$ cat data_1.pdb   # PDB, C-alpha atoms
MODEL        1
ATOM      1  CA  MET A   1      41.940  22.603  27.058
ATOM      2  CA  SER A   2      38.509  24.066  27.748
ATOM      3  CA  THR A   3      35.427  22.112  26.788
ATOM      4  CA  ALA A   4      33.093  25.107  27.123
ATOM      5  CA  THR A   5      29.953  25.037  25.082
ATOM      6  CA  VAL A   6      29.153  27.341  22.184
ATOM      7  CA  PRO A   7      28.118  30.724  23.659
ATOM      8  CA  ALA A   8      24.428  31.524  23.799
ATOM      9  CA  ALA A   9      23.106  34.664  22.187
ATOM     10  CA  ARG A  10      23.504  37.791  24.255
ATOM     11  CA  GLN A  11      20.290  39.005  25.834
ATOM     12  CA  PRO A  12      19.402  42.598  24.876
ATOM     13  CA  THR A  13      17.759  43.479  28.181
ATOM     14  CA  MET A  14      17.949  42.317  31.774
ATOM     15  CA  SER A  15      14.469  42.730  33.214
ATOM     16  CA  PRO A  16      11.231  44.349  31.975
ATOM     17  CA  THR A  17      10.711  46.309  35.190
ATOM     18  CA  PRO A  18      13.361  47.657  37.557
ATOM     19  CA  LYS A  19      12.972  46.479  41.154
ATOM     20  CA  PHE A  20      14.436  48.619  43.886
ATOM     21  CA  GLY A  21      14.684  47.550  47.503
ATOM     22  CA  ALA A  22      15.494  49.590  50.555
ATOM     23  CA  ALA A  23      19.218  49.512  49.763
ATOM     24  CA  HIS A  24      18.982  50.706  46.162
ATOM     25  CA  SER A  25      21.534  53.284  44.941
ATOM     26  CA  LEU A  26      19.109  55.571  43.140
ATOM     27  CA  ARG A  27      18.930  59.240  44.027
ATOM     28  CA  ARG A  28      15.167  59.010  43.582
ATOM     29  CA  LEU A  29      12.702  56.305  42.640
ATOM     30  CA  PRO A  30      10.973  56.602  39.243
ATOM     31  CA  VAL A  31       7.288  57.176  39.968
ATOM     32  CA  GLN A  32       5.780  57.465  36.498
ATOM     33  CA  GLU A  33       6.111  54.800  33.814
ATOM     34  CA  ARG A  34       7.867  57.313  31.577
ATOM     35  CA  SER A  35      10.571  57.804  34.201
ATOM     36  CA  ALA A  36      10.827  54.048  34.808
ATOM     37  CA  ALA A  37      11.280  53.529  31.069
ATOM     38  CA  ARG A  38      14.139  56.043  31.038
ATOM     39  CA  VAL A  39      15.810  54.239  33.944
ATOM     40  CA  ARG A  40      15.473  50.940  32.077
ATOM     41  CA  ARG A  41      17.036  52.455  28.964
ATOM     42  CA  MET A  42      19.938  53.827  30.982
ATOM     43  CA  LEU A  43      20.548  50.472  32.663
ATOM     44  CA  ASP A  44      20.364  48.670  29.315
ATOM     45  CA  ALA A  45      22.770  51.204  27.812
ATOM     46  CA  ALA A  46      25.185  50.806  30.715
ATOM     47  CA  ALA A  47      25.084  47.007  30.385
ATOM     48  CA  ASP A  48      25.856  47.152  26.663
ATOM     49  CA  LEU A  49      28.657  49.696  27.135
ATOM     50  CA  ILE A  50      30.256  47.716  29.965
ATOM     51  CA  GLU A  51      30.264  44.709  27.647
ATOM     52  CA  GLU A  52      31.828  46.751  24.845
ATOM     53  CA  VAL A  53      34.382  48.977  26.590
ATOM     54  CA  GLY A  54      34.644  47.717  30.185
ATOM     55  CA  TYR A  55      33.715  49.316  33.490
ATOM     56  CA  ASP A  56      36.770  51.584  33.759
ATOM     57  CA  ARG A  57      36.017  53.298  30.435
ATOM     58  CA  LEU A  58      32.308  53.612  31.160
ATOM     59  CA  SER A  59      31.066  57.213  31.456
ATOM     60  CA  THR A  60      27.762  58.830  32.269
ATOM     61  CA  THR A  61      28.042  60.857  29.064
ATOM     62  CA  ALA A  62      28.288  57.710  26.957
ATOM     63  CA  ILE A  63      25.365  56.162  28.848
ATOM     64  CA  ALA A  64      23.206  59.225  28.172
ATOM     65  CA  GLN A  65      24.088  59.181  24.477
ATOM     66  CA  ARG A  66      23.423  55.438  24.107
ATOM     67  CA  ALA A  67      20.126  55.658  26.030
ATOM     68  CA  ASP A  68      19.077  58.778  24.069
ATOM     69  CA  VAL A  69      18.446  60.814  27.210
ATOM     70  CA  ALA A  70      19.794  64.123  28.479
ATOM     71  CA  ILE A  71      22.807  63.900  30.775
ATOM     72  CA  GLY A  72      20.633  65.564  33.401
ATOM     73  CA  SER A  73      18.344  62.537  33.348
ATOM     74  CA  VAL A  74      21.263  60.320  34.323
ATOM     75  CA  TYR A  75      22.122  62.497  37.318
ATOM     76  CA  GLN A  76      18.458  62.817  38.223
ATOM     77  CA  PHE A  77      18.483  59.126  39.188
ATOM     78  CA  PHE A  78      22.172  58.209  39.600
ATOM     79  CA  GLY A  79      24.938  60.006  41.451
ATOM     80  CA  ASP A  80      27.696  58.579  39.258
ATOM     81  CA  LYS A  81      28.569  55.513  37.200
ATOM     82  CA  ARG A  82      29.272  53.500  40.355
ATOM     83  CA  SER A  83      25.739  53.956  41.703
ATOM     84  CA  LEU A  84      24.360  53.066  38.272
ATOM     85  CA  ALA A  85      26.458  49.903  38.211
ATOM     86  CA  GLU A  86      25.176  48.996  41.686
ATOM     87  CA  VAL A  87      21.564  49.207  40.501
ATOM     88  CA  LEU A  88      22.514  47.193  37.417
ATOM     89  CA  SER A  89      24.094  44.544  39.663
ATOM     90  CA  GLN A  90      20.864  44.349  41.672
ATOM     91  CA  ARG A  91      18.913  43.855  38.460
ATOM     92  CA  TYR A  92      21.253  41.008  37.563
ATOM     93  CA  ILE A  93      20.471  39.369  40.920
ATOM     94  CA  ASP A  94      16.730  39.780  40.341
ATOM     95  CA  LEU A  95      17.026  38.185  36.904
ATOM     96  CA  TYR A  96      19.160  35.355  38.276
ATOM     97  CA  PHE A  97      16.532  34.391  40.838
ATOM     98  CA  GLU A  98      13.692  34.791  38.346
ATOM     99  CA  ARG A  99      15.442  32.284  36.092
ATOM    100  CA  LEU A 100      16.351  29.950  38.949
ATOM    101  CA  THR A 101      12.804  29.969  40.362
ATOM    102  CA  ALA A 102      11.335  29.263  36.923
ATOM    103  CA  ARG A 103      13.779  26.371  36.475
ATOM    104  CA  PHE A 104      12.927  24.879  39.871
ATOM    105  CA  ASP A 105       9.210  25.233  39.168
ATOM    106  CA  SER A 106       9.401  23.580  35.749
ATOM    107  CA  GLU A 107      11.971  20.904  36.719
ATOM    108  CA  PRO A 108      11.933  20.477  40.513
ATOM    109  CA  PRO A 109      15.358  19.237  41.697
ATOM    110  CA  ALA A 110      15.315  15.805  43.325
ATOM    111  CA  ASP A 111      17.404  16.992  46.285
ATOM    112  CA  TRP A 112      19.532  19.895  47.460
ATOM    113  CA  ARG A 113      22.569  18.642  45.521
ATOM    114  CA  ALA A 114      20.627  18.902  42.271
ATOM    115  CA  GLY A 115      19.506  22.334  43.424
ATOM    116  CA  VAL A 116      23.114  23.425  43.936
ATOM    117  CA  GLU A 117      24.079  22.230  40.467
ATOM    118  CA  ALA A 118      21.132  24.094  38.958
ATOM    119  CA  ALA A 119      22.040  27.242  40.883
ATOM    120  CA  VAL A 120      25.633  27.139  39.623
ATOM    121  CA  GLY A 121      24.394  26.381  36.115
ATOM    122  CA  GLU A 122      22.133  29.437  36.061
ATOM    123  CA  TYR A 123      24.949  31.612  37.415
ATOM    124  CA  VAL A 124      27.197  30.405  34.606
ATOM    125  CA  HIS A 125      24.390  31.115  32.126
ATOM    126  CA  MET A 126      24.291  34.726  33.351
ATOM    127  CA  TYR A 127      28.031  35.046  32.729
ATOM    128  CA  ARG A 128      27.572  33.777  29.183
ATOM    129  CA  THR A 129      24.469  35.687  28.128
ATOM    130  CA  ALA A 130      23.733  38.821  30.197
ATOM    131  CA  PRO A 131      25.451  41.893  28.710
ATOM    132  CA  GLY A 132      28.055  43.290  31.078
ATOM    133  CA  PHE A 133      27.564  40.650  33.774
ATOM    134  CA  ARG A 134      30.861  38.858  33.150
ATOM    135  CA  VAL A 135      32.784  42.111  32.767
ATOM    136  CA  LEU A 136      31.408  43.574  35.996
ATOM    137  CA  HIS A 137      32.199  40.443  37.971
ATOM    138  CA  LEU A 138      35.713  40.124  36.593
ATOM    139  CA  ALA A 139      36.625  43.825  36.829
ATOM    140  CA  ASP A 140      39.055  44.925  39.516
ATOM    141  CA  ALA A 141      36.526  47.589  40.556
ATOM    142  CA  ILE A 142      34.128  44.897  41.768
ATOM    143  CA  ASP A 143      34.403  43.879  45.402
ATOM    144  CA  PRO A 144      32.339  40.742  46.192
ATOM    145  CA  GLY A 145      31.870  41.971  49.755
ATOM    146  CA  GLY A 146      30.931  45.497  48.760
ATOM    147  CA  LYS A 147      33.799  47.001  50.796
ATOM    148  CA  ASP A 148      36.640  49.395  50.073
ATOM    149  CA  GLY A 149      34.555  51.340  47.596
ATOM    150  CA  GLY A 150      33.870  48.402  45.320
ATOM    151  CA  ILE A 151      30.524  47.531  43.808
ATOM    152  CA  ALA A 152      28.780  44.749  45.698
ATOM    153  CA  THR A 153      28.020  41.666  43.606
ATOM    154  CA  GLY A 154      25.278  40.608  45.987
ATOM    155  CA  GLY A 155      26.881  37.690  47.820
ATOM    156  CA  ASP A 156      25.011  38.278  51.088
ATOM    157  CA  HIS A 157      21.701  38.866  49.333
ATOM    158  CA  ILE A 158      22.122  35.760  47.188
ATOM    159  CA  ALA A 159      23.053  33.700  50.254
ATOM    160  CA  GLU A 160      19.944  34.802  52.152
ATOM    161  CA  LYS A 161      17.653  33.894  49.267
ATOM    162  CA  MET A 162      19.450  30.571  48.831
ATOM    163  CA  ARG A 163      19.011  29.780  52.535
ATOM    164  CA  ALA A 164      15.299  30.562  52.315
ATOM    165  CA  GLY A 165      15.027  28.331  49.251
ATOM    166  CA  LEU A 166      16.715  25.397  51.004
ATOM    167  CA  GLU A 167      14.311  25.736  53.908
ATOM    168  CA  GLN A 168      11.235  26.017  51.707
ATOM    169  CA  ARG A 169      12.006  23.412  49.061
ATOM    170  CA  PHE A 170      14.044  20.825  50.957
ATOM    171  CA  GLY A 171      12.972  21.304  54.577
ATOM    172  CA  ILE A 172      16.472  22.153  55.772
ATOM    173  CA  GLY A 173      16.231  24.192  58.972
ATOM    174  CA  GLY A 174      17.001  27.898  58.903
ATOM    175  CA  ASP A 175      19.399  28.230  61.859
ATOM    176  CA  GLN A 176      22.541  30.327  62.166
ATOM    177  CA  ARG A 177      24.793  27.403  61.209
ATOM    178  CA  LEU A 178      22.935  26.971  57.933
ATOM    179  CA  SER A 179      23.114  30.711  57.195
ATOM    180  CA  GLU A 180      26.884  30.645  57.678
ATOM    181  CA  THR A 181      27.188  27.510  55.558
ATOM    182  CA  VAL A 182      25.207  28.985  52.681
ATOM    183  CA  THR A 183      27.145  32.272  52.840
ATOM    184  CA  VAL A 184      30.486  30.454  52.569
ATOM    185  CA  ALA A 185      29.124  28.225  49.787
ATOM    186  CA  VAL A 186      27.901  31.212  47.771
ATOM    187  CA  GLU A 187      31.166  33.134  48.160
ATOM    188  CA  THR A 188      33.145  30.022  47.214
ATOM    189  CA  GLY A 189      30.955  29.394  44.200
ATOM    190  CA  GLN A 190      31.287  32.992  43.004
ATOM    191  CA  ALA A 191      35.073  32.812  43.308
ATOM    192  CA  LEU A 192      35.340  29.540  41.385
ATOM    193  CA  VAL A 193      33.022  30.715  38.617
ATOM    194  CA  ARG A 194      35.082  33.892  38.285
ATOM    195  CA  LEU A 195      38.158  31.667  37.964
ATOM    196  CA  ALA A 196      36.421  29.671  35.235
ATOM    197  CA  PHE A 197      35.746  32.812  33.197
ATOM    198  CA  ARG A 198      39.203  34.219  33.744
ATOM    199  CA  ARG A 199      40.567  31.016  32.213
ATOM    200  CA  ASP A 200      38.145  30.969  29.299
ATOM    201  CA  ALA A 201      35.759  33.598  27.931
ATOM    202  CA  GLU A 202      32.932  31.063  27.906
ATOM    203  CA  GLY A 203      33.840  29.406  31.200
ATOM    204  CA  ASP A 204      36.404  26.673  31.796
ATOM    205  CA  ALA A 205      34.405  23.453  32.153
ATOM    206  CA  SER A 206      36.751  21.896  34.709
ATOM    207  CA  ALA A 207      36.554  24.925  37.027
ATOM    208  CA  ILE A 208      32.754  24.998  36.751
ATOM    209  CA  ALA A 209      32.581  21.287  37.603
ATOM    210  CA  GLU A 210      34.932  21.900  40.533
ATOM    211  CA  ALA A 211      32.665  24.668  41.801
ATOM    212  CA  LYS A 212      29.720  22.266  41.932
ATOM    213  CA  ARG A 213      31.784  19.539  43.582
ATOM    214  CA  VAL A 214      33.363  21.758  46.215
ATOM    215  CA  ILE A 215      30.067  23.387  47.191
ATOM    216  CA  CYS A 216      28.219  20.063  47.437
ATOM    217  CA  GLU A 217      30.966  18.450  49.520
ATOM    218  CA  TYR A 218      31.219  21.434  51.840
ATOM    219  CA  VAL A 219      27.458  21.723  52.392
ATOM    220  CA  ALA A 220      27.130  17.954  52.909
ATOM    221  CA  ARG A 221      29.887  17.988  55.524
ATOM    222  CA  ARG A 222      28.323  20.909  57.370
ATOM    223  CA  LEU A 223      24.811  19.481  57.263
ATOM    224  CA  SER A 224      26.017  16.141  58.618
TER     225      SER A 224
ENDMDL
END
$ encode --input "data_1.pdb" --output "structure tokens"
Amino acid sequence: MSTATVPAARQPTMSPTPKFGAAHSLRRLPVQERSAARVRRMLDAAADLIEEVGYDRLSTTAIAQRADVAIGSVYQFFGDKRSLAEVLSQRYIDLYFERLTARFDSEPPADWRAGVEAAVGEYVHMYRTAPGFRVLHLADAIDPGGKDGGIATGGDHIAEKMRAGLEQRFGIGGDQRLSETVTVAVETGQALVRLAFRRDAEGDASAIAEAKRVICEYVARRLS
């Protein structure tokens, strides 16, 4: 039996300002604030619709209607629903690290193990509260490695930022062995959290606990 907590309220938006790196999936970057606001509305609409109807039934027409923009505005910035979902996934990653950084700053973890537990906890929080996050990560269309036409869930990007955080906050050296260790730990953690939310809509507590235990034991063994 799951011992998951009562679900937190769904968050209406992901991030106040879209952030687009070199690998973004936009056809063009919004230059003016008016254009940026339209992109935000489209991403918010896509997140809400994914939560309501799933990724497979998502359409650019529905996104345009929900965001109150012309369908041409959607295609001005996004090639199709897949590219829109990729940008949305990147915004999820940005929000995840904003939350994790704020948590570390307000309650600095005593050691890297506490940091791992906090990182898993924030990832679980995203599953429970960010509209569309759980659906995107559980959908068959999502490929954690970003291969075979699937939408990347950011494993490599998350691993790189995690590695940098370990080096900065805990003084753990940034060599190739550590990079490989963190990459495996992140992919393992993502898989176990997905398992937790396949078992229970609010996350199976035993699977979440196992994710923390497995990651900590693996990293400890590799660091030794």
$ atom_distance --input "data_1.pdb" --atom1 "CA of Val186 in chain A" --atom2 "CA of Asp105 in chain A"
21.4 Å
$ closest_residue --input "data_1.pdb" --among "A:Leu166, A:Leu43, A:Val135, A:Leu26" --to "Pro109 in chain A" --atoms "only C-alpha atoms"
A:Leu166
$ closest_residue --input "data_1.pdb" --among "A:Val193, A:Ala211, A:Leu136, A:Val184" --to "Arg82 in chain A" --atoms "only C-alpha atoms"
A:Leu136
$ residues_around --input "data_1.pdb" --residues "Cys216 in chain A" --least-positions-apart "2" --cutoff "9 Å" --atoms "all atoms listed in the file" --output "list in words"
Trp112, Arg113, Val116, Glu117, Ala185, Ala211, Lys212, Arg213, Val214, Tyr218, Val219, Ala220 and Arg221 of chain A
$ residues_around --input "data_1.pdb" --residues "Gly79 in chain A" --least-positions-apart "3" --cutoff "10 Å" --atoms "only C-alpha atoms" --output "PyMOL selection string"
chain A and resi 25-27+60+74-76+82-84
$ closest_residue --input "data_1.pdb" --among "A:Glu52, A:Asp80, A:Glu217, A:Asp204" --to "Thr188 in chain A" --atoms "all atoms listed in the file"
A:Glu217
$ closest_residue --input "data_1.pdb" --among "A:Asp68, A:Asp56, A:Arg103, A:Glu51" --to "Val39 in chain A" --atoms "all atoms listed in the file"
A:Asp68
$ resolve_selection --input "data_1.pdb" --expression "the PyMOL selection byres ((chain A and resi 45) around 9)" --output "PDB file with C-alpha atoms, keeping the file's coordinate frame"
ATOM      1  CA  ARG A  40      15.473  50.940  32.077  1.00  0.00           C
ATOM      2  CA  ARG A  41      17.036  52.455  28.964  1.00  0.00           C
ATOM      3  CA  MET A  42      19.938  53.827  30.982  1.00  0.00           C
ATOM      4  CA  LEU A  43      20.548  50.472  32.663  1.00  0.00           C
ATOM      5  CA  ASP A  44      20.364  48.670  29.315  1.00  0.00           C
ATOM      6  CA  ALA A  46      25.185  50.806  30.715  1.00  0.00           C
ATOM      7  CA  ALA A  47      25.084  47.007  30.385  1.00  0.00           C
ATOM      8  CA  ASP A  48      25.856  47.152  26.663  1.00  0.00           C
ATOM      9  CA  LEU A  49      28.657  49.696  27.135  1.00  0.00           C
ATOM     10  CA  ILE A  50      30.256  47.716  29.965  1.00  0.00           C
ATOM     11  CA  ALA A  62      28.288  57.710  26.957  1.00  0.00           C
ATOM     12  CA  ILE A  63      25.365  56.162  28.848  1.00  0.00           C
ATOM     13  CA  ALA A  64      23.206  59.225  28.172  1.00  0.00           C
ATOM     14  CA  GLN A  65      24.088  59.181  24.477  1.00  0.00           C
ATOM     15  CA  ARG A  66      23.423  55.438  24.107  1.00  0.00           C
ATOM     16  CA  ALA A  67      20.126  55.658  26.030  1.00  0.00           C
TER      17      ALA A  67
END
$ closest_residue --input "data_1.pdb" --among "A:Asp94, A:Leu223, A:Ser89, A:Val120" --to "Ala209 in chain A" --atoms "only C-alpha atoms"
A:Val120
$ closest_residue --input "data_1.pdb" --among "A:Asp111, A:Glu180, A:Asp175, A:Asp200" --to "Tyr127 in chain A" --atoms "only C-alpha atoms"
A:Asp200
$ atom_distance --input "data_1.pdb" --atom1 "CA of Thr183 in chain A" --atom2 "CA of Leu195 in chain A"
18.5 Å
$ atom_distance --input "data_1.pdb" --atom1 "CA of Glu167 in chain A" --atom2 "CA of Leu100 in chain A"
15.7 Å
$ resolve_selection --input "data_1.pdb" --expression "the PyMOL selection byres ((chain A and resi 93) around 10)" --output "list in words"
Met14, Val87, Leu88, Ser89, Gln90, Arg91, Tyr92, Asp94, Leu95, Tyr96, Phe97, Glu98, Arg99, Tyr123, Met126, Thr153, Gly154, Gly155, His157 and Ile158 of chain A
$ resolve_selection --input "data_1.pdb" --expression "the PyMOL selection byres ((chain A and resi 179) around 10)" --output "JSON, numbers by chain"
{"A": [156, 159, 160, 162, 163, 164, 173, 174, 175, 176, 177, 178, 180, 181, 182, 183, 184, 185]}
$ write_last_selection --input "data_1.pdb" --atoms "C-alpha atoms" --output "short mmCIF file (atom, residue, chain, number, x, y, z; two decimals), keeping the file's coordinate frame"
data_model
loop_
_atom_site.label_atom_id
_atom_site.label_comp_id
_atom_site.auth_asym_id
_atom_site.auth_seq_id
_atom_site.Cartn_x
_atom_site.Cartn_y
_atom_site.Cartn_z
CA ASP A 156 25.01 38.28 51.09
CA ALA A 159 23.05 33.70 50.25
CA GLU A 160 19.94 34.80 52.15
CA MET A 162 19.45 30.57 48.83
CA ARG A 163 19.01 29.78 52.54
CA ALA A 164 15.30 30.56 52.32
CA GLY A 173 16.23 24.19 58.97
CA GLY A 174 17.00 27.90 58.90
CA ASP A 175 19.40 28.23 61.86
CA GLN A 176 22.54 30.33 62.17
CA ARG A 177 24.79 27.40 61.21
CA LEU A 178 22.94 26.97 57.93
CA GLU A 180 26.88 30.64 57.68
CA THR A 181 27.19 27.51 55.56
CA VAL A 182 25.21 28.98 52.68
CA THR A 183 27.14 32.27 52.84
CA VAL A 184 30.49 30.45 52.57
CA ALA A 185 29.12 28.22 49.79
#
